[in-house]
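Source file query36.tsv; content: TSV, C-alpha atoms.
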chain	number	residue	atom	x	y	z
A	238	MET	CA	91.43	69.32	113.97
A	239	PHE	CA	91.62	69.03	110.19
A	240	GLU	CA	88.16	67.55	109.58
A	241	ARG	CA	87.09	70.50	107.42
A	242	TYR	CA	90.19	70.26	105.22
A	243	THR	CA	89.83	68.80	101.75
A	244	GLU	CA	91.98	65.83	100.84
A	245	THR	CA	94.21	68.07	98.72
A	246	ALA	CA	94.65	70.54	101.59
A	247	ARG	CA	95.59	67.66	103.90
A	248	ARG	CA	98.11	66.41	101.33
A	249	THR	CA	99.53	69.94	101.24
A	250	LEU	CA	100.18	69.76	104.99
A	251	PHE	CA	101.79	66.35	104.55
A	252	SER	CA	103.95	67.74	101.72
A	253	ALA	CA	104.94	70.67	103.96
A	254	ARG	CA	106.15	68.21	106.59
A	255	HIS	CA	108.15	66.39	103.92
A	256	GLU	CA	109.71	69.68	102.78
A	257	ALA	CA	110.70	70.50	106.37
A	258	THR	CA	112.43	67.14	106.81
A	259	GLU	CA	114.23	67.46	103.46
A	260	LEU	CA	115.53	70.93	104.36
A	261	GLY	CA	116.55	69.73	107.83
A	262	ASP	CA	114.21	72.01	109.77
A	263	MET	CA	112.81	71.04	113.17
A	264	ALA	CA	109.37	72.62	112.65
A	265	ILE	CA	106.94	73.16	109.79
A	266	GLU	CA	107.31	76.79	108.75
A	267	PRO	CA	105.25	78.95	106.33
A	268	GLU	CA	107.88	78.35	103.65
A	269	HIS	CA	107.24	74.62	103.87
A	270	LEU	CA	103.50	75.25	103.50
A	271	LEU	CA	104.21	77.30	100.37
A	272	LEU	CA	106.28	74.48	98.90
A	273	GLY	CA	103.51	72.02	99.77
A	274	LEU	CA	101.00	74.27	98.00
A	275	LEU	CA	103.23	74.49	94.96
A	276	ARG	CA	103.29	70.68	94.79
A	277	ALA	CA	99.47	70.47	94.67
A	278	ASP	CA	98.11	69.44	91.30
A	279	GLU	CA	94.41	69.88	92.13
A	280	GLY	CA	92.25	72.73	93.35
A	281	PRO	CA	92.70	76.42	92.60
A	282	THR	CA	96.34	76.85	93.57
A	283	PRO	CA	98.00	75.48	90.40
A	284	GLN	CA	96.07	78.02	88.30
A	285	LEU	CA	96.83	80.82	90.74
A	286	PHE	CA	100.55	80.02	90.70
A	287	VAL	CA	100.61	79.91	86.88
A	288	ARG	CA	98.95	83.34	86.75
A	289	ALA	CA	101.52	84.67	89.25
A	290	ARG	CA	104.40	83.00	87.36
A	291	LEU	CA	105.58	81.21	90.48
A	292	SER	CA	107.02	77.71	90.23
A	293	TYR	CA	108.06	75.16	92.80
A	294	THR	CA	111.62	75.24	91.47
A	295	ASP	CA	111.95	79.01	91.84
A	296	ALA	CA	110.37	79.12	95.30
A	297	HIS	CA	112.44	76.17	96.50
A	298	ALA	CA	115.66	77.86	95.37
A	299	GLN	CA	114.72	81.11	97.14
A	300	ILE	CA	113.82	79.26	100.33
A	301	ARG	CA	117.03	77.18	100.28
A	302	THR	CA	119.03	80.39	99.93
A	303	HIS	CA	117.09	82.14	102.70
A	304	ARG	CA	116.89	79.29	105.24
A	305	GLY	CA	119.89	77.23	104.27
A	306	VAL	CA	119.86	73.46	104.14
A	307	HIS	CA	120.73	71.31	107.10
A	308	GLU	CA	121.06	67.59	107.55
A	309	ARG	CA	117.87	65.80	106.57
A	310	ILE	CA	115.59	64.97	109.52
A	311	SER	CA	114.20	61.47	109.92
A	312	THR	CA	110.51	61.14	109.12
A	313	SER	CA	110.07	59.38	112.48
A	314	VAL	CA	110.91	62.60	114.38
A	315	GLU	CA	107.93	64.55	115.72
A	316	MET	CA	107.53	67.67	113.55
A	317	PRO	CA	105.53	70.48	115.18
A	318	PHE	CA	104.04	73.52	113.49
A	319	SER	CA	105.95	76.75	114.19
A	320	ALA	CA	104.08	79.64	115.85
A	321	GLU	CA	103.69	81.31	112.44
A	322	THR	CA	102.28	78.14	110.92
A	323	ARG	CA	99.83	77.68	113.80
A	324	ARG	CA	98.53	81.20	113.08
A	325	ILE	CA	98.23	80.31	109.40
A	326	ILE	CA	96.14	77.26	110.33
A	327	LEU	CA	93.79	79.57	112.26
A	328	TYR	CA	93.67	81.98	109.30
A	329	THR	CA	92.58	79.16	106.98
A	330	VAL	CA	89.46	78.60	109.08
A	331	GLU	CA	88.75	82.34	109.18
A	332	GLU	CA	89.13	82.62	105.40
A	333	ALA	CA	86.81	79.71	104.66
A	334	ASP	CA	84.22	81.15	107.05
A	335	ARG	CA	84.61	84.65	105.57
A	336	LEU	CA	83.97	83.25	102.08
A	337	GLY	CA	81.03	81.19	103.32
A	338	GLN	CA	82.72	77.91	102.44
A	339	ARG	CA	82.39	74.88	104.70
A	340	GLN	CA	85.45	73.01	103.44
A	341	ILE	CA	88.97	74.36	103.81
A	342	GLY	CA	90.93	73.97	100.61
A	343	THR	CA	94.33	74.89	99.27
A	344	GLY	CA	93.11	78.38	98.35
A	345	HIS	CA	92.36	79.04	102.02
A	346	VAL	CA	95.79	77.74	103.01
A	347	LEU	CA	97.34	80.08	100.45
A	348	LEU	CA	95.35	82.99	101.89
A	349	GLY	CA	96.59	82.02	105.35
A	350	VAL	CA	100.21	82.07	104.20
A	351	LEU	CA	99.70	85.53	102.67
A	352	ARG	CA	98.11	86.80	105.88
A	353	GLU	CA	101.25	85.89	107.85
A	354	GLU	CA	102.77	89.04	106.39
A	355	SER	CA	106.18	88.91	108.08
A	356	SER	CA	106.96	85.41	106.80
A	357	PHE	CA	109.44	84.86	103.99
A	358	ALA	CA	106.78	82.79	102.20
A	359	ALA	CA	104.36	85.73	102.14
A	360	GLY	CA	107.17	87.89	100.78
A	361	ILE	CA	107.70	85.47	97.90
A	362	LEU	CA	103.97	85.55	97.12
A	363	ARG	CA	103.82	89.36	97.27
A	364	SER	CA	106.86	89.61	94.97
A	365	HIS	CA	104.76	87.71	92.42
A	366	GLY	CA	101.88	90.16	92.73
A	367	MET	CA	99.68	88.16	95.08
A	368	THR	CA	97.59	90.02	97.65
A	369	VAL	CA	95.02	88.79	100.14
A	370	GLU	CA	92.24	90.89	98.60
A	371	GLY	CA	93.07	89.89	95.02
A	372	LEU	CA	93.36	86.24	95.96
A	373	ARG	CA	90.01	86.26	97.75
A	374	GLU	CA	88.37	87.65	94.61
A	375	GLN	CA	89.97	85.00	92.43
A	376	ILE	CA	88.98	82.14	94.75
A	377	VAL	CA	85.35	83.26	94.86
A	378	LYS	CA	85.22	83.40	91.04
A	379	MET	CA	86.68	79.93	90.60
A	380	PRO	CA	84.35	76.96	90.29
A	381	ALA	CA	84.00	74.86	93.43
A	382	ALA	CA	86.40	71.95	93.30
A	383	PRO	CA	86.89	68.90	95.50
A	384	ALA	CA	90.33	70.22	96.43
Output the file's structure as structure tokens, nothing else.
Amino acid sequence: MFERYTETARRTLFSARHEATELGDMAIEPEHLLLGLLRADEGPTPQLFVRARLSYTDAHAQIRTHRGVHERISTSVEMPFSAETRRIILYTVEEADRLGQRQIGTGHVLLGVLREESSFAAGILRSHGMTVEGLREQIVKMPAAPA
């Protein structure tokens, strides 16, 4: 299912799962994807987050306040994607195809999170000036990277 994903994009999904377990959530939500993206140190997303003045620490604090924190979940527990996150996964494929890019990277995942407009994660991104159209333009202008 994730064959087209770059290694960094796959690590982002793994980080999202980790964030969900740490916050005590039973499914991987868009907010966890955002935190996973903010942890990435390769690809276009670190630059995009710097430009938007969005840090992991700030986003994490907002998400903790919004979602609350529950007892940590064991990493051995099966952790499904929520319905919103499943839609985001579909959006990542659409975005890569729209931009004519074979591999799905962290920029595409970020676009997918933004496209799930009703999610709290998309709200955080919008509050930092990020839009789908603006992000697409920035991703196309950035040099191709292995992430």
What's around A:Ala264 at 10 Å? Count all atoms listed in the file, leave out sequence neighbours fewer than 5 positions away in its own chain, and write the answer as a PyMOL selection string. chain A and resi 253-254+257-258+269+315-320+322
Which of these residues is nearest to A:Arg301, using only C-alpha atoms: A:Ala277, A:Arg339, A:Asp334, A:Ala358? A:Ala358
Interatomic distance, atom CA of A:Glu308 to atom CA of A:Gly261 (Å, one decimal):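 If I compute the distance from atom CA of A:Glu308 to atom CA of A:Gly261, I get 5.0 Å.
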Residue among A:Leu362, A:Glu353, A:Leu327, A:Val314 lying closest to A:Phe239, counting all atoms listed in the file: A:Leu327
Given the choices A:Leu336, A:Met367, A:Val350, A:Leu250, which gets closest to A:Leu291 if the distance is worked out from all atoms listed in the file?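 Of A:Leu336, A:Met367, A:Val350, A:Leu250, the one nearest A:Leu291 is A:Met367, counting all atoms listed in the file.
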For a cut-off of 12 Å around (105.6, 77.5, 101.7), file coordinates, pick out all residues using all atoms listed in the file and list them as number ranges by chain. A: 249-250, 252-257, 265-277, 291-293, 295-301, 304, 321-322, 325, 343, 346-351, 353, 356-362
Nearest-residue call for A:Arg373, choices A:Thr329, A:Thr294, A:Ser355, A:Thr245, using all atoms listed in the file: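 When distances to A:Arg373 are compared using all atoms listed in the file, the smallest one comes from A:Thr329.
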